[in-house]
file run-v3.txt (compact mmCIF, C-alpha atoms and all ligand atoms)
# COMPACT_ATOMS: atom_id res chain seq x y z
CA MET A 1 99.99 70.79 170.21
CA ARG A 2 98.76 69.71 173.61
CA PHE A 3 100.09 70.31 177.04
CA THR A 4 98.88 69.02 180.31
CA LEU A 5 99.52 71.20 183.27
CA LYS A 6 101.77 69.24 185.51
CA GLN A 7 100.85 68.85 189.14
CA LYS A 8 103.16 70.76 191.38
CA VAL A 9 104.24 69.11 194.60
CA SER A 10 106.32 70.78 197.26
CA TYR A 11 109.03 69.01 199.15
CA SER A 12 109.62 71.20 202.14
CA THR A 13 112.64 69.23 203.27
CA SER A 14 114.74 70.19 200.30
CA GLY A 15 113.46 73.74 200.00
CA TYR A 16 112.88 73.10 196.34
CA SER A 17 109.64 72.44 194.60
CA TYR A 18 109.30 69.66 192.15
CA PHE A 19 107.58 70.65 188.94
CA GLY A 20 107.35 67.82 186.50
CA ALA A 21 110.90 66.61 186.50
CA ARG A 22 112.42 70.02 187.00
CA TYR A 23 113.59 71.77 190.08
CA TYR A 24 113.56 75.42 190.87
CA ASP A 25 114.42 77.52 193.82
CA PRO A 26 111.27 79.31 194.97
CA ASN A 27 113.31 82.10 196.52
CA ILE A 28 115.11 83.37 193.47
CA SER A 29 113.72 84.21 190.12
CA ILE A 30 115.60 81.72 188.03
CA TRP A 31 115.25 78.10 187.13
CA LEU A 32 117.20 75.37 188.80
CA SER A 33 116.22 73.18 185.99
CA VAL A 34 117.63 70.46 183.87
CA ASP A 35 115.59 68.42 181.47
CA PRO A 36 116.19 64.95 182.91
CA LEU A 37 116.78 63.50 179.48
CA SER A 38 118.89 66.32 178.18
CA ASP A 39 122.18 64.61 178.85
CA LYS A 40 121.11 61.72 176.67
CA TYR A 41 121.47 63.54 173.40
CA PRO A 42 124.93 65.07 173.25
CA GLY A 43 125.75 64.96 169.59
CA LEU A 44 122.26 63.78 168.71
CA SER A 45 119.38 65.66 167.29
CA PRO A 46 116.59 66.06 169.85
CA TYR A 47 114.37 64.60 167.17
CA ILE A 48 116.04 61.37 168.18
CA TYR A 49 116.07 62.33 171.81
CA THR A 50 112.31 62.71 171.81
CA ALA A 51 111.62 59.85 169.40
CA ASN A 52 109.56 58.08 172.04
CA ASN A 53 108.16 61.24 173.57
CA PRO A 54 104.44 61.75 172.97
CA ILE A 55 104.90 65.52 173.07
CA MET A 56 105.41 66.97 169.62
CA PHE A 57 107.42 70.02 170.38
CA ILE A 58 107.59 71.49 166.94
CA ASP A 59 104.24 72.77 165.86
CA PRO A 60 104.18 73.15 162.07
CA ASP A 61 101.64 75.94 162.41
CA GLY A 62 103.77 77.62 165.04
CA LYS A 63 103.22 81.25 165.92
CA ARG A 64 102.12 80.69 169.44
CA ILE A 65 102.32 81.95 172.95
CA TRP A 66 99.76 80.13 175.07
CA ILE A 67 98.20 81.44 178.26
CA THR A 68 96.83 78.68 180.48
CA HIS A 69 95.00 78.37 183.73
CA VAL A 70 92.93 75.69 185.43
CA ASN A 71 89.29 76.69 185.82
CA LYS A 72 87.02 76.09 188.79
CA ARG A 73 86.03 72.68 187.48
CA GLY A 74 89.67 71.62 187.30
CA LYS A 75 89.85 71.86 183.54
CA GLU A 76 92.82 73.41 181.79
CA LYS A 77 91.92 76.39 179.62
CA ARG A 78 94.22 77.86 177.02
CA VAL A 79 94.18 81.06 175.03
CA GLU A 80 96.54 81.77 172.16
CA TYR A 81 98.13 85.20 172.45
CA LYS A 82 98.19 87.38 169.35
CA PRO A 83 100.09 90.68 169.39
CA GLY A 84 97.86 93.60 170.26
CA MET A 85 94.83 91.38 170.85
CA ARG A 86 91.93 92.66 172.87
CA THR A 87 91.27 91.12 176.23
CA PHE A 88 88.22 88.94 176.33
CA GLY A 89 86.48 86.33 178.37
CA ARG A 90 85.73 86.17 182.00
CA ASN A 91 88.96 84.78 183.30
CA LYS A 92 90.91 87.48 185.05
CA TYR A 93 94.28 85.77 184.79
CA THR A 94 93.97 85.47 181.01
CA ARG A 95 92.93 89.10 180.69
CA ASN A 96 95.83 90.21 182.87
CA ALA A 97 98.29 88.13 180.85
CA ILE A 98 97.03 89.58 177.55
CA LYS A 99 97.20 93.16 178.87
CA SER A 100 100.68 92.54 180.24
CA LEU A 101 101.99 90.94 177.04
CA ASN A 102 100.60 93.83 175.00
CA TYR A 103 102.31 96.32 177.30
CA ILE A 104 105.65 94.51 177.34
CA ARG A 105 105.49 94.20 173.55
CA GLN A 106 105.29 97.98 173.19
CA GLY A 107 108.75 98.26 174.74
CA ALA A 108 110.23 95.09 173.24
CA ASN A 109 111.76 96.45 170.04
CA TYR A 110 115.42 95.82 169.32
CA ASP A 111 117.59 96.12 166.23
CA GLY A 112 116.43 92.82 164.79
CA GLY A 113 112.74 93.15 165.52
CA ASN A 114 110.53 92.75 168.54
CA LYS A 115 111.15 90.12 171.20
CA VAL A 116 107.49 89.38 171.89
CA ASP A 117 106.78 89.12 168.18
CA ASP A 118 109.80 86.80 167.85
CA LEU A 119 108.27 84.51 170.45
CA VAL A 120 104.91 84.59 168.69
CA ALA A 121 106.49 83.87 165.30
CA SER A 122 108.68 81.07 166.62
CA GLU A 123 107.75 77.50 165.80
CA ILE A 124 108.54 76.68 169.42
CA ASN A 125 105.51 77.13 171.64
CA LEU A 126 105.84 79.02 174.89
CA THR A 127 103.29 78.48 177.64
CA ILE A 128 102.49 81.03 180.34
CA SER A 129 100.69 79.29 183.17
CA LYS A 130 99.07 80.53 186.31
CA THR A 131 100.66 80.17 189.69
CA ASN A 132 99.48 81.67 192.96
CA SER A 133 102.92 81.32 194.48
CA LEU A 134 104.50 84.44 195.87
CA GLY A 135 107.87 82.70 195.85
CA SER A 136 108.93 83.38 192.35
CA GLU A 137 108.19 83.50 188.72
CA THR A 138 110.07 80.85 186.84
CA PHE A 139 111.06 80.13 183.32
CA GLN A 140 111.38 76.41 182.64
CA PRO A 141 113.95 75.87 179.88
CA SER A 142 112.51 72.64 178.61
CA ILE A 143 113.09 71.84 174.95
CA ALA A 144 109.82 69.93 174.79
CA SER A 145 107.70 72.66 176.33
CA PRO A 146 109.37 75.87 177.47
CA SER A 147 107.09 77.56 179.95
CA ILE A 148 106.74 80.47 182.32
CA GLU A 149 104.92 80.26 185.61
CA TRP A 150 103.52 83.66 186.41
CA ASN A 151 101.50 85.14 189.25
CA ASP A 152 99.56 88.09 187.80
CA ARG A 153 99.26 89.72 191.25
CA LYS A 154 102.73 89.40 192.70
CA VAL A 155 104.59 92.55 193.72
CA ASP A 156 108.27 92.43 194.68
CA ASP A 157 109.38 94.89 197.32
CA TYR A 158 113.11 95.64 197.24
CA GLY A 159 113.00 97.96 200.23
CA TYR A 160 113.21 101.76 200.52
CA GLY A 161 109.97 102.03 198.54
CA ASN A 162 111.42 100.25 195.52
CA LYS A 163 108.83 97.90 194.08
CA GLN A 164 108.06 96.01 190.91
CA SER A 165 104.58 94.97 189.88
CA ALA A 166 103.67 91.63 188.31
CA VAL A 167 104.03 92.75 184.68
CA VAL A 168 107.72 93.45 185.32
CA GLY A 169 108.23 89.90 186.54
CA LEU A 170 106.63 88.56 183.38
CA ALA A 171 108.91 90.75 181.27
CA HIS A 172 111.94 89.26 183.04
CA GLU A 173 110.88 85.68 182.36
CA LEU A 174 109.98 86.48 178.75
CA GLU A 175 113.53 87.75 178.25
CA HIS A 176 114.88 84.37 179.41
CA GLY A 177 112.37 82.63 177.16
CA TRP A 178 113.39 84.71 174.16
CA LYS A 179 117.03 83.79 174.67
CA PHE A 180 116.41 80.09 175.19
CA ILE A 181 113.98 79.72 172.28
CA GLY A 182 116.44 81.58 170.05
CA LEU A 183 119.10 79.02 170.99
CA ILE A 184 116.75 76.11 170.21
CA GLU A 185 115.80 77.57 166.85
CA LYS A 186 119.42 78.07 165.91
CA ALA A 187 120.22 74.49 166.89
CA TYR A 188 117.34 73.11 164.85
CA GLN A 189 118.46 75.04 161.82
CA SER A 190 122.13 74.08 161.99
CA ASN A 191 121.72 70.80 163.87
CA SER A 192 125.31 71.28 164.91
CA ASP A 193 126.73 69.83 168.09
CA ASP A 194 127.99 73.27 169.13
CA ASP A 195 124.54 74.82 168.92
CA TRP A 196 122.91 71.93 170.78
CA HIS A 197 125.64 72.23 173.36
CA ASN A 198 124.64 75.88 173.88
CA VAL A 199 121.04 74.81 174.46
CA LYS A 200 122.11 72.21 176.96
CA GLU A 201 124.44 74.63 178.69
CA PHE A 202 121.61 77.13 179.11
CA GLN A 203 119.48 74.39 180.68
CA GLU A 204 122.25 73.50 183.08
CA PHE A 205 122.93 77.01 184.41
CA GLY A 206 120.51 76.20 187.18
CA ASN A 207 121.73 72.80 188.22
CA PRO A 208 121.01 72.75 191.96
CA LEU A 209 124.22 70.87 192.60
CA GLN A 210 126.31 73.72 191.30
CA ASP A 211 127.07 77.19 192.57
CA LEU A 212 125.82 80.19 190.67
CA SER A 213 127.93 80.08 187.56
CA PRO A 214 129.20 83.22 185.82
CA ASP A 215 127.08 82.24 182.80
CA ARG A 216 123.98 82.13 184.91
CA LEU A 217 124.71 85.46 186.54
CA ASN A 218 125.31 86.94 183.11
CA GLU A 219 121.96 85.65 181.91
CA GLU A 220 120.26 87.09 184.99
CA GLN A 221 121.84 90.47 184.39
CA ARG A 222 120.89 90.31 180.71
CA ALA A 223 117.25 89.60 181.61
CA MET A 224 117.23 92.48 184.11
CA ASP A 225 118.78 94.87 181.63
CA GLY A 226 116.41 93.79 178.87
CA LEU A 227 112.65 93.58 178.96
CA GLU A 228 112.54 93.83 182.75
CA SER A 229 114.16 97.26 183.04
CA ARG A 230 112.35 98.60 179.98
CA THR A 231 109.01 97.60 181.43
CA ALA A 232 109.87 98.85 184.91
CA SER A 233 111.14 102.22 183.74
CA ARG A 234 108.05 102.86 181.61
CA LEU A 235 105.94 102.23 184.70
CA GLU A 236 108.31 104.35 186.83
CA GLN A 237 109.00 101.35 189.02
CA HIS A 238 112.23 100.02 190.50
CA VAL A 239 114.86 99.39 187.85
CA ARG A 240 117.41 96.90 189.08
CA SER A 241 120.89 98.00 188.15
CA LYS A 242 122.55 95.20 190.05
CA TYR A 243 121.79 91.68 191.06
CA ASP A 244 119.35 92.19 193.91
CA TYR A 245 116.47 90.20 195.36
CA PRO A 246 113.16 91.34 196.80
CA LEU A 247 112.99 91.63 200.56
CA ARG A 248 109.37 90.57 200.50
CA SER A 249 106.55 89.89 198.06
CA TYR A 250 102.84 90.52 198.35
CA GLU A 251 99.74 90.59 196.18
CA SER A 252 98.17 93.47 194.33
CA LYS A 253 94.88 93.42 192.43
CA ASN A 254 96.41 94.86 189.28
CA PRO A 255 99.49 93.52 187.46
CA PHE A 256 100.56 97.10 186.67
CA LYS A 257 100.27 98.45 190.21
CA THR A 258 102.17 97.97 193.42
CA VAL A 259 99.32 98.82 195.82
CA GLU A 260 99.03 96.10 198.45
CA GLU A 261 95.69 94.32 198.37
ZN ZN A 301 115.81 85.34 185.87
call {"tool": "encode", "arguments": {"input": "run-v3.txt", "output": "structure tokens"}}
result
Amino acid sequence: MRFTLKQKVSYSTSGYSYFGARYYDPNISIWLSVDPLSDKYPGLSPYIYTANNPIMFIDPDGKRIWITHVNKRGKEKRVEYKPGMRTFGRNKYTRNAIKSLNYIRQGANYDGGNKVDDLVASEINLTISKTNSLGSETFQPSIASPSIEWNDRKVDDYGYGNKQSAVVGLAHELEHGWKFIGLIEKAYQSNSDDDWHNVKEFQEFGNPLQDLSPDRLNEEQRAMDGLESRTASRLEQHVRSKYDYPLRSYESKNPFKTVEE
């Protein structure tokens, strides 16, 4: 399965950035994203919806989380994450992503299994791609290519000495990804309108034309209470117990530390 990293262009007038065909608010850690074609398939299988789409979004070999970055020569590089894998290679972002995924995975057990392992075992690919933005991590709930943009150096400062390092931000977005990919898998299996409706509803939580919906706030709280707080508490960092935003963000050399660079 191939992805091309889409060029990101900022439109300062709107305050939103345009990523592919999806919007997000750089100030808050949630998508404002709707797949532009997603309203074309109510009642239809997305197999039909993507009939003319060159992206094959079901990979028969599956079992993949991809880590991508663009190297100095402008070429996209990808590494497939495998649970517990050793870090390798010269690229620092890839090494940081592997270390972070391994760490999050250690705290990702739940009754039914392990959320990171679920993502690896899923036939839906998830891409983690490098961003240098300090604005926000994002999860893009695209059926064709769900993806996380992650800055491996970003620290969020909530004030009063409460901080979260970059690995905590990744944990938060992975929790969204786990939920969304679970919804897609269920819909593929049943192919029922209700289950596809749930997928579409999840995509539309972030519609920029709408206020924060209760569903969206619930999903935010769920992500905070899930992998985010587990990861933060193990690192003895700020555990958000309510819906709060960082007062400022800055860079640290290490995704596990909050020391300002
Ligand atoms: Zn979120």
call {"tool": "residues_around", "arguments": {"input": "run-v3.txt", "residues": "Arg64 of chain A", "least_positions_apart": "2", "cutoff": "9 Å", "atoms": "all atoms listed in the file", "output": "PyMOL selection string"}}
result
chain A and resi 59+61-62+66+80-82+119-127
call {"tool": "residues_near_ligand", "arguments": {"input": "run-v3.txt", "ligand": "ligand ZN 301 (chain A)", "cutoff": "9 Å", "atoms": "only C-alpha atoms and all ligand atoms", "output": "list of chain:residue names"}}
result
A:Ile28, A:Ser29, A:Ile30, A:Trp31, A:Glu137, A:Thr138, A:Phe139, A:Gly169, A:His172, A:Glu173, A:Glu175, A:His176, A:Arg216, A:Leu217, A:Glu219, A:Glu220, A:Gln221, A:Arg222, A:Ala223, A:Met224
call {"tool": "residues_near_point", "arguments": {"input": "run-v3.txt", "point": "(90.1, 75.4, 184.3)", "cutoff": "12 Å", "atoms": "only C-alpha atoms", "output": "PyMOL selection string"}}
result
chain A and resi 4-5+67-79+90-91+93-94+129-130
call {"tool": "closest_residue", "arguments": {"input": "run-v3.txt", "among": "A:Pro214, A:Gly161, A:Pro146, A:Pro141", "to": "Val199 of chain A", "atoms": "only C-alpha atoms"}}
result
A:Pro141
call {"tool": "atom_distance", "arguments": {"input": "run-v3.txt", "atom1": "atom CA of Asn102 of chain A", "atom2": "atom CA of Glu260 of chain A"}}
result
23.6 Å
call {"tool": "closest_residue", "arguments": {"input": "run-v3.txt", "among": "A:Lys163, A:Trp178, A:Asp111, A:Asp118", "to": "Glu236 of chain A", "atoms": "only C-alpha atoms"}}
result
A:Lys163
call {"tool": "atom_distance", "arguments": {"input": "run-v3.txt", "atom1": "atom CA of Gly159 of chain A", "atom2": "atom CA of Arg248 of chain A"}}
result
8.2 Å
call {"tool": "closest_residue", "arguments": {"input": "run-v3.txt", "among": "A:Phe256, A:Trp150, A:Tyr245, A:Phe202", "to": "Gly182 of chain A", "atoms": "all atoms listed in the file"}}
result
A:Phe202
call {"tool": "atom_distance", "arguments": {"input": "run-v3.txt", "atom1": "atom CA of Asp225 of chain A", "atom2": "atom CA of Ile184 of chain A"}}
result
22.1 Å
call {"tool": "closest_residue", "arguments": {"input": "run-v3.txt", "among": "A:Ser165, A:Thr87, A:Asn114, A:Asn132", "to": "Ser233 of chain A", "atoms": "only C-alpha atoms"}}
result
A:Ser165
call {"tool": "closest_residue", "arguments": {"input": "run-v3.txt", "among": "A:Ser142, A:Ser192, A:Asn162, A:Asp152", "to": "Ser252 of chain A", "atoms": "all atoms listed in the file"}}
result
A:Asp152
call {"tool": "decode", "arguments": {"input": "run-v3.txt", "residues": "segment 63-83 of chain A", "atoms": "C-alpha atoms", "output": "PDB file, in the first residue's frame"}}
result
ATOM      1  CA  LYS A  63      -0.668  -5.677  10.283  1.00  0.00           C
ATOM      2  CA  ARG A  64       0.782  -2.262   9.872  1.00  0.00           C
ATOM      3  CA  ILE A  65       1.544   0.974  11.584  1.00  0.00           C
ATOM      4  CA  TRP A  66       3.761   3.071   9.345  1.00  0.00           C
ATOM      5  CA  ILE A  67       6.143   5.781  10.511  1.00  0.00           C
ATOM      6  CA  THR A  68       6.977   8.280   7.782  1.00  0.00           C
ATOM      7  CA  HIS A  69       9.143  11.306   7.341  1.00  0.00           C
ATOM      8  CA  VAL A  70      10.582  13.204   4.393  1.00  0.00           C
ATOM      9  CA  ASN A  71      14.367  12.982   4.227  1.00  0.00           C
ATOM     10  CA  LYS A  72      16.818  15.730   3.338  1.00  0.00           C
ATOM     11  CA  ARG A  73      16.525  14.943  -0.352  1.00  0.00           C
ATOM     12  CA  GLY A  74      12.758  15.378  -0.217  1.00  0.00           C
ATOM     13  CA  LYS A  75      12.044  11.672  -0.437  1.00  0.00           C
ATOM     14  CA  GLU A  76       9.421  10.035   1.729  1.00  0.00           C
ATOM     15  CA  LYS A  77      10.786   7.286   3.953  1.00  0.00           C
ATOM     16  CA  ARG A  78       8.624   4.744   5.719  1.00  0.00           C
ATOM     17  CA  VAL A  79       9.278   2.225   8.448  1.00  0.00           C
ATOM     18  CA  GLU A  80       6.803  -0.435   9.486  1.00  0.00           C
ATOM     19  CA  TYR A  81       6.363  -0.578  13.246  1.00  0.00           C
ATOM     20  CA  LYS A  82       6.441  -3.983  14.899  1.00  0.00           C
ATOM     21  CA  PRO A  83       5.629  -4.310  18.609  1.00  0.00           C
TER      22      PRO A  83
END
